[in-house]
>>> print(open('structure-v7.cif').read())   # mmCIF, C-alpha atoms
data_data
loop_
_atom_site.label_atom_id
_atom_site.label_comp_id
_atom_site.auth_asym_id
_atom_site.auth_seq_id
_atom_site.Cartn_x
_atom_site.Cartn_y
_atom_site.Cartn_z
CA MET A 129 -34.11 159.59 104.01
CA LYS A 130 -34.05 163.16 105.29
CA THR A 131 -35.53 164.22 108.64
CA ARG A 132 -36.20 167.68 110.00
CA LEU A 133 -38.09 169.17 112.91
CA VAL A 134 -41.32 171.01 112.23
CA VAL A 135 -41.83 174.09 114.41
CA PRO A 136 -45.53 174.96 114.19
CA GLY A 137 -46.72 178.32 115.45
CA LEU A 138 -43.18 179.74 115.56
CA ARG A 139 -44.32 183.29 116.34
CA ALA A 140 -46.53 182.12 119.21
CA ALA A 141 -43.71 179.98 120.55
CA PHE A 142 -41.32 182.97 120.44
CA TRP A 143 -43.62 185.21 122.49
CA ALA A 144 -44.28 182.41 124.95
CA LEU A 145 -40.52 182.16 125.48
CA VAL A 146 -40.22 185.93 125.91
CA GLY A 147 -42.98 185.84 128.51
CA ALA A 148 -41.21 183.08 130.39
CA CYS A 149 -38.01 185.13 130.51
CA ILE A 150 -39.82 188.26 131.75
CA PHE A 151 -41.48 186.43 134.61
CA GLY A 152 -38.34 184.72 135.78
CA ALA A 153 -38.53 181.30 134.17
CA SER A 154 -35.42 179.76 132.73
CA CYS A 155 -34.67 180.83 129.17
CA THR A 156 -32.33 177.94 128.52
CA PRO A 157 -33.73 175.58 125.85
CA THR A 158 -34.56 172.11 127.13
CA ARG A 159 -32.61 169.68 125.01
CA ASP A 160 -34.42 166.65 126.41
CA ALA A 161 -37.90 167.84 125.38
CA PRO A 162 -39.26 165.76 122.48
CA PRO A 163 -40.18 167.58 119.25
CA LEU A 164 -43.83 168.37 118.62
CA ALA A 165 -43.58 167.11 115.06
CA VAL A 166 -41.04 165.56 112.71
CA GLU A 167 -40.99 165.63 108.91
CA ARG A 168 -39.08 163.00 106.98
CA ASP A 169 -38.80 162.01 103.35
CA SER A 170 -39.55 158.46 102.25
CA ALA A 171 -39.15 157.60 98.56
CA GLY A 172 -40.02 161.17 97.59
CA ILE A 173 -43.06 161.38 99.88
CA ALA A 174 -42.97 163.85 102.76
CA ILE A 175 -44.25 162.28 106.00
CA VAL A 176 -45.19 164.67 108.81
CA GLU A 177 -45.71 162.99 112.19
CA SER A 178 -47.05 164.98 115.15
CA PHE A 179 -46.75 163.83 118.74
CA SER A 180 -48.37 166.73 120.62
CA PRO A 181 -50.53 169.72 119.67
CA ALA A 182 -48.55 172.92 119.23
CA TRP A 183 -51.22 174.84 121.17
CA GLY A 184 -51.02 172.53 124.16
CA ASP A 185 -54.28 172.31 126.10
CA THR A 186 -55.45 175.81 125.14
CA ALA A 187 -57.11 176.55 121.81
CA ARG A 188 -55.42 179.45 119.97
CA TRP A 189 -58.27 179.80 117.45
CA ARG A 190 -61.81 180.45 118.60
CA VAL A 191 -65.30 180.80 117.18
CA GLY A 192 -67.23 183.95 118.14
CA ALA A 193 -69.89 183.95 120.84
CA GLU A 194 -72.78 184.78 118.49
CA PRO A 195 -73.44 184.17 114.77
CA LEU A 196 -72.64 187.01 112.39
CA LEU A 197 -75.54 186.05 110.13
CA ASP A 198 -78.58 183.77 110.45
CA LEU A 199 -80.40 183.20 107.16
CA ALA A 200 -83.47 181.87 108.96
CA GLU A 201 -83.82 185.28 110.61
CA SER A 202 -82.45 187.68 107.97
CA GLY A 203 -85.80 187.77 106.14
CA THR A 204 -89.28 186.31 106.06
CA GLY A 205 -91.21 183.94 103.83
CA ASP A 206 -90.57 180.49 102.44
CA ALA A 207 -87.07 181.40 101.22
CA HIS A 208 -85.95 181.69 104.86
CA ASN A 209 -87.49 178.39 105.98
CA PHE A 210 -85.00 175.53 105.70
CA TYR A 211 -85.20 171.77 105.88
CA ARG A 212 -82.51 169.15 105.26
CA VAL A 213 -79.78 171.68 104.42
CA ARG A 214 -76.73 170.11 102.77
CA ASN A 215 -74.40 173.02 101.90
CA VAL A 216 -73.82 176.60 103.03
CA THR A 217 -71.24 178.12 100.68
CA ARG A 218 -69.70 181.58 100.34
CA LEU A 219 -69.66 182.96 96.78
CA PRO A 220 -66.82 185.01 95.26
CA ASP A 221 -69.03 188.14 95.33
CA GLY A 222 -69.69 187.70 99.07
CA GLY A 223 -73.12 186.15 98.66
CA ILE A 224 -74.13 182.80 100.08
CA VAL A 225 -75.66 179.73 98.46
CA VAL A 226 -77.66 177.18 100.45
CA VAL A 227 -78.60 173.70 99.25
CA ASN A 228 -82.06 173.08 100.71
CA ARG A 229 -82.64 169.41 100.05
CA GLY A 230 -86.12 169.54 101.56
CA SER A 231 -87.37 171.55 98.56
CA ALA A 232 -84.72 170.36 96.05
CA GLU A 233 -83.58 173.98 95.67
CA ILE A 234 -80.44 176.04 95.46
CA ARG A 235 -81.10 179.37 97.22
CA LYS A 236 -78.92 182.41 96.77
CA PHE A 237 -78.60 185.27 99.29
CA THR A 238 -76.63 188.50 99.45
CA ALA A 239 -73.85 188.95 102.00
CA ASP A 240 -76.33 190.54 104.44
CA GLY A 241 -78.83 187.68 104.08
CA THR A 242 -81.28 189.14 101.57
CA PHE A 243 -82.87 186.49 99.36
CA VAL A 244 -81.86 186.85 95.69
CA GLY A 245 -83.43 183.85 93.97
CA SER A 246 -83.49 180.08 93.67
CA ALA A 247 -82.92 177.32 91.13
CA GLY A 248 -83.98 173.72 90.89
CA GLY A 249 -87.19 172.33 92.34
CA TYR A 250 -88.47 168.78 92.07
CA GLY A 251 -88.42 167.28 88.59
CA GLU A 252 -86.26 165.62 85.97
CA GLY A 253 -86.31 168.34 83.35
CA PRO A 254 -83.47 170.78 82.51
CA GLY A 255 -82.48 172.68 85.63
CA GLU A 256 -84.70 170.57 87.91
CA LEU A 257 -83.47 168.39 90.76
CA THR A 258 -84.73 165.18 92.36
CA ASN A 259 -82.38 164.39 95.25
CA VAL A 260 -79.91 167.24 95.52
CA GLN A 261 -76.75 166.44 97.48
CA GLN A 262 -74.19 169.23 97.19
CA VAL A 263 -72.94 172.32 95.39
CA GLU A 264 -69.42 173.13 94.19
CA LEU A 265 -68.12 176.50 92.96
CA VAL A 266 -66.73 176.79 89.44
CA GLY A 267 -65.60 180.40 89.48
CA ASP A 268 -68.86 182.27 90.00
CA SER A 269 -70.96 179.40 88.58
CA LEU A 270 -72.39 176.44 90.49
CA LEU A 271 -72.03 172.69 90.00
CA VAL A 272 -74.96 170.98 91.69
CA ARG A 273 -74.82 167.23 92.29
CA ASP A 274 -78.03 165.23 92.22
CA ILE A 275 -77.98 161.47 92.79
CA TYR A 276 -77.38 160.59 89.13
CA ARG A 277 -76.75 163.95 87.51
CA VAL A 278 -74.68 167.10 87.81
CA THR A 279 -76.16 170.42 86.73
CA LEU A 280 -74.17 173.55 85.95
CA PHE A 281 -75.89 176.84 86.80
CA GLY A 282 -74.53 180.26 85.85
CA PRO A 283 -74.00 183.18 88.26
CA ASP A 284 -77.59 184.27 87.59
CA LEU A 285 -78.82 180.74 88.49
CA ARG A 286 -79.77 180.03 84.88
CA HIS A 287 -79.42 176.44 83.74
CA VAL A 288 -76.34 175.89 81.57
CA ARG A 289 -76.15 172.12 81.12
CA THR A 290 -76.95 168.82 82.81
CA MET A 291 -74.52 165.88 82.79
CA ARG A 292 -74.98 162.27 83.81
CA LEU A 293 -72.25 160.67 85.89
CA HIS A 294 -71.64 157.15 87.11
CA PRO A 295 -74.84 155.86 88.83
CA PHE A 296 -72.95 155.02 92.05
CA ASN A 297 -71.23 158.37 92.57
CA ARG A 298 -70.65 159.35 96.21
CA GLY A 299 -69.53 162.96 95.85
CA LEU A 300 -67.56 165.38 93.71
CA ARG A 301 -65.07 168.21 94.00
CA TYR A 302 -64.03 170.80 91.43
CA LEU A 303 -60.27 170.71 90.90
CA GLY A 304 -59.96 174.25 89.58
CA ASN A 305 -58.57 173.20 86.20
CA GLY A 306 -61.77 172.55 84.28
CA THR A 307 -62.24 169.07 85.71
CA MET A 308 -64.36 167.39 88.37
CA LEU A 309 -63.13 164.72 90.77
CA VAL A 310 -65.89 162.17 91.38
CA ARG A 311 -65.92 159.42 94.02
CA VAL A 312 -67.54 156.32 92.53
CA LEU A 313 -68.47 152.91 93.87
CA MET A 314 -67.43 150.91 90.83
CA GLN A 315 -69.35 147.75 91.71
CA TYR A 316 -71.75 146.62 94.39
CA PRO A 317 -71.23 142.87 94.91
CA GLU A 318 -73.69 140.88 97.00
CA GLU A 319 -71.77 140.18 100.20
CA TYR A 320 -72.92 139.60 103.75
CA GLY A 321 -71.51 140.60 107.10
CA LEU A 322 -69.12 143.51 107.60
CA VAL A 323 -68.09 144.71 104.13
CA ARG A 324 -66.20 147.70 102.76
CA HIS A 325 -66.42 148.36 99.03
CA PRO A 326 -63.59 150.52 97.61
CA GLU A 327 -64.28 153.68 95.67
CA ALA A 328 -62.51 154.94 92.55
CA LEU A 329 -61.61 158.59 92.02
CA LEU A 330 -62.60 159.48 88.46
CA VAL A 331 -61.87 162.70 86.61
CA TYR A 332 -64.56 164.23 84.38
CA ASP A 333 -64.49 167.43 82.34
CA LEU A 334 -67.22 170.04 82.64
CA ASP A 335 -69.05 168.51 79.67
CA GLY A 336 -69.49 165.30 81.66
CA VAL A 337 -66.88 163.31 79.70
CA ARG A 338 -64.81 160.90 81.79
CA ARG A 339 -61.08 161.57 81.39
CA ASP A 340 -59.17 159.39 83.84
CA SER A 341 -59.14 157.23 86.96
CA ILE A 342 -56.43 158.46 89.31
CA ALA A 343 -56.79 156.74 92.70
CA ARG A 344 -58.90 154.64 95.03
CA THR A 345 -60.22 154.96 98.58
CA PRO A 346 -61.31 152.14 100.92
CA GLY A 347 -64.90 153.43 100.85
CA SER A 348 -67.39 153.03 103.72
CA GLU A 349 -68.12 150.07 105.95
CA GLU A 350 -71.56 148.47 105.78
CA TYR A 351 -73.17 145.63 107.66
CA VAL A 352 -75.37 143.42 105.49
CA THR A 353 -77.78 140.62 106.42
CA ASP A 354 -81.06 139.40 104.96
CA ALA A 355 -82.88 141.69 107.41
CA LEU A 356 -80.60 144.72 107.48
CA MET A 357 -78.21 146.78 105.38
CA GLY A 358 -76.74 149.72 107.21
CA VAL A 359 -73.85 151.33 109.04
CA PRO A 360 -72.12 149.00 111.54
CA LEU A 361 -71.23 149.98 115.09
CA PHE A 362 -68.58 152.71 114.86
CA GLY A 363 -68.41 152.21 111.09
CA LYS A 364 -65.42 153.65 109.27
CA THR A 365 -65.76 155.76 106.14
CA SER A 366 -63.45 157.47 103.66
CA VAL A 367 -63.45 161.27 103.43
CA LEU A 368 -62.08 163.64 100.80
CA ASP A 369 -61.59 167.34 100.21
CA THR A 370 -59.53 169.46 97.81
CA HIS A 371 -57.40 172.60 97.93
CA GLY A 372 -56.84 173.89 94.41
CA ASP A 373 -55.60 170.90 92.44
CA ARG A 374 -54.41 169.07 95.58
CA ILE A 375 -56.55 166.21 96.90
CA PHE A 376 -56.69 165.23 100.57
CA LEU A 377 -57.80 161.67 101.35
CA GLY A 378 -58.53 159.90 104.61
CA SER A 379 -59.77 156.39 105.37
CA SER A 380 -60.52 157.17 109.06
CA ASP A 381 -58.73 153.95 110.12
CA HIS A 382 -56.01 156.09 111.72
CA MET A 383 -55.50 159.78 112.46
CA GLN A 384 -53.82 160.18 109.09
CA VAL A 385 -54.44 162.15 105.88
CA GLU A 386 -52.82 161.62 102.49
CA GLU A 387 -52.23 164.51 100.10
CA VAL A 388 -52.08 163.64 96.39
CA ASP A 389 -51.80 165.68 93.22
CA ALA A 390 -54.24 165.80 90.30
CA ASN A 391 -52.57 162.72 88.80
CA GLY A 392 -53.05 160.67 91.96
CA GLU A 393 -49.37 160.80 93.01
CA THR A 394 -48.85 160.92 96.78
CA LEU A 395 -47.06 164.09 97.91
CA ARG A 396 -47.42 164.05 101.71
CA ILE A 397 -48.73 161.90 104.52
CA LEU A 398 -49.85 163.73 107.66
CA ARG A 399 -50.35 161.62 110.78
CA ILE A 400 -50.68 161.59 114.55
CA PRO A 401 -49.32 158.11 115.36
CA ASP A 402 -50.45 157.85 118.99
CA TYR A 403 -53.88 159.48 118.76
CA PRO A 404 -56.15 157.40 121.06
CA LEU A 405 -58.84 155.45 119.19
CA THR A 406 -59.33 152.41 121.45
CA LEU A 407 -62.95 151.54 122.27
CA THR A 408 -64.07 150.03 125.57
CA PRO A 409 -66.67 147.23 125.71
CA ASP A 410 -69.04 149.64 127.50
CA GLU A 411 -68.80 152.18 124.66
CA VAL A 412 -69.58 149.52 122.08
CA GLN A 413 -72.49 148.16 124.13
CA ALA A 414 -73.97 151.65 124.56
CA GLU A 415 -73.98 152.05 120.79
CA ARG A 416 -75.59 148.64 120.30
CA ASN A 417 -78.25 149.38 122.97
CA LEU A 418 -79.18 152.57 121.15
CA ARG A 419 -79.79 150.59 117.97
CA LEU A 420 -81.93 148.08 119.91
CA ASN A 421 -84.05 150.76 121.59
CA PRO A 422 -84.93 153.37 118.95
CA PRO A 423 -88.07 155.53 119.07
CA LEU A 424 -90.90 153.45 117.61
CA PRO A 425 -93.78 154.76 115.50
CA PRO A 426 -97.31 154.78 116.96
CA GLY A 427 -98.82 151.30 117.17
CA VAL A 428 -95.45 149.52 117.05
CA THR A 429 -94.41 147.94 120.34
CA SER A 430 -91.21 146.13 119.40
CA LEU A 431 -88.62 145.68 116.68
CA PRO A 432 -88.90 142.74 114.27
CA PRO A 433 -86.93 139.74 115.64
CA PRO A 434 -84.72 139.46 112.49
CA PHE A 435 -83.70 143.10 112.93
CA VAL A 436 -82.88 142.54 116.61
CA GLU A 437 -80.86 139.47 115.70
CA ALA A 438 -78.93 141.42 113.06
CA VAL A 439 -78.04 144.24 115.47
CA GLU A 440 -77.02 141.80 118.19
CA GLY A 441 -74.81 140.05 115.65
CA MET A 442 -72.94 143.19 114.60
CA PRO A 443 -69.19 142.88 115.24
CA SER A 444 -67.74 144.70 118.25
CA PRO A 445 -64.92 146.92 116.92
CA GLU A 446 -61.81 147.48 119.01
CA THR A 447 -61.12 150.98 117.66
CA ARG A 448 -63.30 153.90 116.64
CA PRO A 449 -62.97 155.82 113.36
CA ALA A 450 -60.43 158.62 113.69
CA TYR A 451 -62.77 161.20 112.15
CA ALA A 452 -66.13 161.60 110.45
CA ASP A 453 -65.47 164.57 108.18
CA MET A 454 -62.64 166.64 106.72
CA LEU A 455 -62.47 170.19 105.36
CA VAL A 456 -59.45 172.05 103.97
CA ASP A 457 -59.53 175.82 104.51
CA PRO A 458 -58.15 178.48 102.10
CA THR A 459 -54.72 178.42 103.79
CA GLY A 460 -54.34 174.67 103.23
CA ALA A 461 -54.95 173.78 106.88
CA VAL A 462 -56.75 170.44 107.29
CA TRP A 463 -59.70 170.32 109.71
CA LEU A 464 -60.90 166.94 110.99
CA ARG A 465 -64.12 166.28 112.89
CA PRO A 466 -63.38 163.49 115.39
CA PHE A 467 -65.89 160.67 115.20
CA ARG A 468 -68.65 160.40 117.79
CA GLY A 469 -71.10 157.51 117.92
CA SER A 470 -74.84 158.08 118.09
CA SER A 471 -74.71 157.29 121.82
CA GLU A 472 -72.02 159.96 122.32
CA LEU A 473 -73.76 162.95 120.78
CA GLY A 474 -74.45 166.12 122.72
CA GLY A 475 -72.33 169.11 123.58
CA PRO A 476 -70.05 171.07 121.25
CA GLU A 477 -67.75 169.41 118.74
CA HIS A 478 -64.00 169.99 118.79
CA TRP A 479 -62.45 169.93 115.32
CA LEU A 480 -58.79 168.92 115.15
CA VAL A 481 -56.55 171.18 113.02
CA LEU A 482 -53.41 170.28 111.04
CA GLY A 483 -51.60 173.41 109.86
CA PRO A 484 -50.56 174.05 106.24
CA ASP A 485 -47.18 172.49 107.07
CA GLY A 486 -48.97 169.33 108.22
CA SER A 487 -48.23 169.67 111.93
CA TRP A 488 -50.92 169.21 114.58
CA LEU A 489 -51.91 172.61 115.94
CA GLY A 490 -54.76 171.71 118.32
CA SER A 491 -58.56 171.75 118.37
CA VAL A 492 -61.25 174.38 117.86
CA GLU A 493 -64.57 174.19 119.70
CA MET A 494 -67.66 174.67 117.55
CA PRO A 495 -71.03 176.02 118.72
CA GLU A 496 -73.32 173.38 120.18
CA ASN A 497 -75.82 171.85 117.73
CA PHE A 498 -73.90 173.43 114.83
CA LEU A 499 -72.96 171.34 111.79
CA VAL A 500 -69.92 172.81 110.02
CA ARG A 501 -70.17 172.94 106.23
CA GLU A 502 -67.38 175.33 105.17
CA ILE A 503 -64.35 176.97 106.80
CA GLY A 504 -63.00 180.27 105.49
CA LEU A 505 -60.15 182.52 106.51
CA ASP A 506 -62.11 184.30 109.23
CA GLU A 507 -65.50 182.59 109.24
CA ILE A 508 -67.24 179.25 109.57
CA LEU A 509 -70.45 178.46 107.69
CA GLY A 510 -72.89 175.75 108.65
CA VAL A 511 -76.27 174.85 110.08
CA TRP A 512 -77.46 175.32 113.65
CA THR A 513 -80.49 173.30 114.74
CA SER A 514 -82.78 174.64 117.46
CA GLU A 515 -84.45 172.62 120.21
CA LEU A 516 -87.55 172.54 118.00
CA ASP A 517 -85.49 171.00 115.15
CA VAL A 518 -85.63 174.22 113.10
CA GLN A 519 -82.57 174.63 110.86
CA HIS A 520 -80.68 177.93 110.74
CA PRO A 521 -77.95 178.36 108.10
CA GLN A 522 -75.43 180.59 109.83
CA VAL A 523 -72.07 182.36 109.56
CA TRP A 524 -69.80 182.57 112.64
CA ARG A 525 -66.61 184.56 113.15
CA LEU A 526 -63.38 182.53 113.31
CA ARG A 527 -60.62 184.26 115.26
CA ARG A 528 -57.20 182.83 114.41
#
>>> encode(input="structure-v7.cif", output="structure tokens")
Amino acid sequence: MKTRLVVPGLRAAFWALVGACIFGASCTPTRDAPPLAVERDSAGIAIVESFSPAWGDTARWRVGAEPLLDLAESGTGDAHNFYRVRNVTRLPDGGIVVVNRGSAEIRKFTADGTFVGSAGGYGEGPGELTNVQQVELVGDSLLVRDIYRVTLFGPDLRHVRTMRLHPFNRGLRYLGNGTMLVRVLMQYPEEYGLVRHPEALLVYDLDGVRRDSIARTPGSEEYVTDALMGVPLFGKTSVLDTHGDRIFLGSSDHMQVEEVDANGETLRILRIPDYPLTLTPDEVQAERNLRLNPPLPPGVTSLPPPFVEAVEGMPSPETRPAYADMLVDPTGAVWLRPFRGSSELGGPEHWLVLGPDGSWLGSVEMPENFLVREIGLDEILGVWTSELDVQHPQVWRLRR
């Protein structure tokens, strides 16, 4: 087993040392200081463990003070009114595509926010959508995932073909080699209590033909009773993203991400062993109280007793999920959105960043009420929601 130190942000560390020397601090290296990260090899798998963020308590990367582009304000008319937005994606030509689930449409805009056209609309015919979930780029074409189908649209938004996938698919990614990676719940057994059904990672070609099954994930936790089927208190879920033909997987049980190749072989494991995830009884009770006191529709004065009993019977977890979402940027850096319960929402989110070498760099603060959907080299795309619950697909500057 080989072990080596990982020195993240080497250039920044060098100039910090120069500054210390100029202002009179000791320039002698401290031999007793623990390493920020260590990489070791175990049975051919690289394991990168980080113990402290390379940036310390100060973020080195920042999001700009104002959005560069707001598609809700870059034009007028129905095309600039958004509801239930799922994706905001930059196209190779600089344009932007928005998945507007509220109208079952894919809307295309120029780089300056001018509306170009749309595809989809409610229906089950060729090129129509019923419950659109996401879009993936295939060169300059678009793969659009509905609940049971995937539709390929050309660069001009013309319908190319529609494919049917497994009925319990949970998401897809394009691997860049003519294949799609699809997360699938292979079976849905009738179980009660706290359950977690594993998902298979299946490979399909762009004609919708299944080619292989390469890996599994733990899936998402559910709590099931006769009166309720839903997300448990601080429920854990599996997340996935890709970078070229590399696949990044996370179960959210720990602050850890696994990198595998297109055949499902593990290449690296990136982890922060001591990241704090312990929950207090008060935090768990606050989450339970929120479930027991939701806003009620007019004429309803109380929750049904079986529902109340089910929520009161939910298990009290001892640890929170490590993260709720993961995105891999074009450099190969892994961004993780730390989990927050429904009772903990409010204020800006701080996404944790693992550099391309796997070491923990630090965190980046996102604009308040902004849901990140894509991270580029120098920009972040997502959806900002106003106090009136109006959605604004936006682009913000990322300064690295």
>>> closest_residue(input="structure-v7.cif", among="A:Gly223, A:Gly255, A:Gly486, A:Pro449", to="Glu386 of chain A", atoms="all atoms listed in the file")
A:Gly486
>>> residues_around(input="structure-v7.cif", residues="segment 323-333 of chain A", least_positions_apart="6", cutoff="8 Å", atoms="only C-alpha atoms", output="JSON list (two decimals) with C-alpha atoms, keeping the file's coordinate frame")
[["chain", "number", "residue", "atom", "x", "y", "z"],
["A", 306, "GLY", "CA", -61.77, 172.55, 84.28],
["A", 307, "THR", "CA", -62.24, 169.07, 85.71],
["A", 308, "MET", "CA", -64.36, 167.39, 88.37],
["A", 309, "LEU", "CA", -63.13, 164.72, 90.77],
["A", 310, "VAL", "CA", -65.89, 162.17, 91.38],
["A", 311, "ARG", "CA", -65.92, 159.42, 94.02],
["A", 312, "VAL", "CA", -67.54, 156.32, 92.53],
["A", 313, "LEU", "CA", -68.47, 152.91, 93.87],
["A", 314, "MET", "CA", -67.43, 150.91, 90.83],
["A", 315, "GLN", "CA", -69.35, 147.75, 91.71],
["A", 316, "TYR", "CA", -71.75, 146.62, 94.39],
["A", 339, "ARG", "CA", -61.08, 161.57, 81.39],
["A", 340, "ASP", "CA", -59.17, 159.39, 83.84],
["A", 341, "SER", "CA", -59.14, 157.23, 86.96],
["A", 342, "ILE", "CA", -56.43, 158.46, 89.31],
["A", 343, "ALA", "CA", -56.79, 156.74, 92.70],
["A", 344, "ARG", "CA", -58.90, 154.64, 95.03],
["A", 345, "THR", "CA", -60.22, 154.96, 98.58],
["A", 346, "PRO", "CA", -61.31, 152.14, 100.92],
["A", 347, "GLY", "CA", -64.90, 153.43, 100.85],
["A", 348, "SER", "CA", -67.39, 153.03, 103.72],
["A", 349, "GLU", "CA", -68.12, 150.07, 105.95],
["A", 350, "GLU", "CA", -71.56, 148.47, 105.78],
["A", 351, "TYR", "CA", -73.17, 145.63, 107.66],
["A", 352, "VAL", "CA", -75.37, 143.42, 105.49]]
>>> resolve_selection(input="structure-v7.cif", expression="the PyMOL selection byres ((chain A and resi 263-273) around 10)", output="PDB file with C-alpha atoms, in the frame of the given file")
ATOM      1  CA  ARG A 214     -76.730 170.110 102.770  1.00  0.00           C
ATOM      2  CA  ASN A 215     -74.400 173.020 101.900  1.00  0.00           C
ATOM      3  CA  VAL A 216     -73.820 176.600 103.030  1.00  0.00           C
ATOM      4  CA  THR A 217     -71.240 178.120 100.680  1.00  0.00           C
ATOM      5  CA  ARG A 218     -69.700 181.580 100.340  1.00  0.00           C
ATOM      6  CA  LEU A 219     -69.660 182.960  96.780  1.00  0.00           C
ATOM      7  CA  PRO A 220     -66.820 185.010  95.260  1.00  0.00           C
ATOM      8  CA  ASP A 221     -69.030 188.140  95.330  1.00  0.00           C
ATOM      9  CA  VAL A 225     -75.660 179.730  98.460  1.00  0.00           C
ATOM     10  CA  VAL A 226     -77.660 177.180 100.450  1.00  0.00           C
ATOM     11  CA  VAL A 227     -78.600 173.700  99.250  1.00  0.00           C
ATOM     12  CA  GLU A 233     -83.580 173.980  95.670  1.00  0.00           C
ATOM     13  CA  ILE A 234     -80.440 176.040  95.460  1.00  0.00           C
ATOM     14  CA  GLY A 248     -83.980 173.720  90.890  1.00  0.00           C
ATOM     15  CA  GLY A 255     -82.480 172.680  85.630  1.00  0.00           C
ATOM     16  CA  LEU A 257     -83.470 168.390  90.760  1.00  0.00           C
ATOM     17  CA  ASN A 259     -82.380 164.390  95.250  1.00  0.00           C
ATOM     18  CA  VAL A 260     -79.910 167.240  95.520  1.00  0.00           C
ATOM     19  CA  GLN A 261     -76.750 166.440  97.480  1.00  0.00           C
ATOM     20  CA  GLN A 262     -74.190 169.230  97.190  1.00  0.00           C
ATOM     21  CA  ASP A 274     -78.030 165.230  92.220  1.00  0.00           C
ATOM     22  CA  ILE A 275     -77.980 161.470  92.790  1.00  0.00           C
ATOM     23  CA  TYR A 276     -77.380 160.590  89.130  1.00  0.00           C
ATOM     24  CA  ARG A 277     -76.750 163.950  87.510  1.00  0.00           C
ATOM     25  CA  VAL A 278     -74.680 167.100  87.810  1.00  0.00           C
ATOM     26  CA  THR A 279     -76.160 170.420  86.730  1.00  0.00           C
ATOM     27  CA  LEU A 280     -74.170 173.550  85.950  1.00  0.00           C
ATOM     28  CA  PHE A 281     -75.890 176.840  86.800  1.00  0.00           C
ATOM     29  CA  GLY A 282     -74.530 180.260  85.850  1.00  0.00           C
ATOM     30  CA  PRO A 283     -74.000 183.180  88.260  1.00  0.00           C
ATOM     31  CA  ASP A 284     -77.590 184.270  87.590  1.00  0.00           C
ATOM     32  CA  LEU A 285     -78.820 180.740  88.490  1.00  0.00           C
ATOM     33  CA  ARG A 286     -79.770 180.030  84.880  1.00  0.00           C
ATOM     34  CA  HIS A 287     -79.420 176.440  83.740  1.00  0.00           C
ATOM     35  CA  VAL A 288     -76.340 175.890  81.570  1.00  0.00           C
ATOM     36  CA  ARG A 289     -76.150 172.120  81.120  1.00  0.00           C
ATOM     37  CA  THR A 290     -76.950 168.820  82.810  1.00  0.00           C
ATOM     38  CA  MET A 291     -74.520 165.880  82.790  1.00  0.00           C
ATOM     39  CA  ARG A 292     -74.980 162.270  83.810  1.00  0.00           C
ATOM     40  CA  LEU A 293     -72.250 160.670  85.890  1.00  0.00           C
ATOM     41  CA  ASN A 297     -71.230 158.370  92.570  1.00  0.00           C
ATOM     42  CA  ARG A 298     -70.650 159.350  96.210  1.00  0.00           C
ATOM     43  CA  GLY A 299     -69.530 162.960  95.850  1.00  0.00           C
ATOM     44  CA  LEU A 300     -67.560 165.380  93.710  1.00  0.00           C
ATOM     45  CA  ARG A 301     -65.070 168.210  94.000  1.00  0.00           C
ATOM     46  CA  TYR A 302     -64.030 170.800  91.430  1.00  0.00           C
ATOM     47  CA  LEU A 303     -60.270 170.710  90.900  1.00  0.00           C
ATOM     48  CA  GLY A 304     -59.960 174.250  89.580  1.00  0.00           C
ATOM     49  CA  ASN A 305     -58.570 173.200  86.200  1.00  0.00           C
ATOM     50  CA  GLY A 306     -61.770 172.550  84.280  1.00  0.00           C
ATOM     51  CA  THR A 307     -62.240 169.070  85.710  1.00  0.00           C
ATOM     52  CA  MET A 308     -64.360 167.390  88.370  1.00  0.00           C
ATOM     53  CA  LEU A 334     -67.220 170.040  82.640  1.00  0.00           C
TER      54      LEU A 334
END
>>> resolve_selection(input="structure-v7.cif", expression="the PyMOL selection byres ((chain A and resi 242) around 12)", output="JSON list (two decimals) with C-alpha atoms, in the frame of the given file")
[["chain", "number", "residue", "atom", "x", "y", "z"],
["A", 197, "LEU", "CA", -75.54, 186.05, 110.13],
["A", 198, "ASP", "CA", -78.58, 183.77, 110.45],
["A", 199, "LEU", "CA", -80.40, 183.20, 107.16],
["A", 200, "ALA", "CA", -83.47, 181.87, 108.96],
["A", 201, "GLU", "CA", -83.82, 185.28, 110.61],
["A", 202, "SER", "CA", -82.45, 187.68, 107.97],
["A", 203, "GLY", "CA", -85.80, 187.77, 106.14],
["A", 204, "THR", "CA", -89.28, 186.31, 106.06],
["A", 205, "GLY", "CA", -91.21, 183.94, 103.83],
["A", 207, "ALA", "CA", -87.07, 181.40, 101.22],
["A", 208, "HIS", "CA", -85.95, 181.69, 104.86],
["A", 222, "GLY", "CA", -69.69, 187.70, 99.07],
["A", 223, "GLY", "CA", -73.12, 186.15, 98.66],
["A", 224, "ILE", "CA", -74.13, 182.80, 100.08],
["A", 225, "VAL", "CA", -75.66, 179.73, 98.46],
["A", 235, "ARG", "CA", -81.10, 179.37, 97.22],
["A", 236, "LYS", "CA", -78.92, 182.41, 96.77],
["A", 237, "PHE", "CA", -78.60, 185.27, 99.29],
["A", 238, "THR", "CA", -76.63, 188.50, 99.45],
["A", 239, "ALA", "CA", -73.85, 188.95, 102.00],
["A", 240, "ASP", "CA", -76.33, 190.54, 104.44],
["A", 241, "GLY", "CA", -78.83, 187.68, 104.08],
["A", 243, "PHE", "CA", -82.87, 186.49, 99.36],
["A", 244, "VAL", "CA", -81.86, 186.85, 95.69],
["A", 245, "GLY", "CA", -83.43, 183.85, 93.97]]
>>> residues_around(input="structure-v7.cif", residues="Phe435 of chain A", least_positions_apart="5", cutoff="12 Å", atoms="all atoms listed in the file", output="list in words")
Val352, Thr353, Asp354, Ala355, Leu356, Met357, Gly358, Arg419, Leu420, Asn421, Pro422, Ser430, Glu440, Gly441 and Met442 of chain A
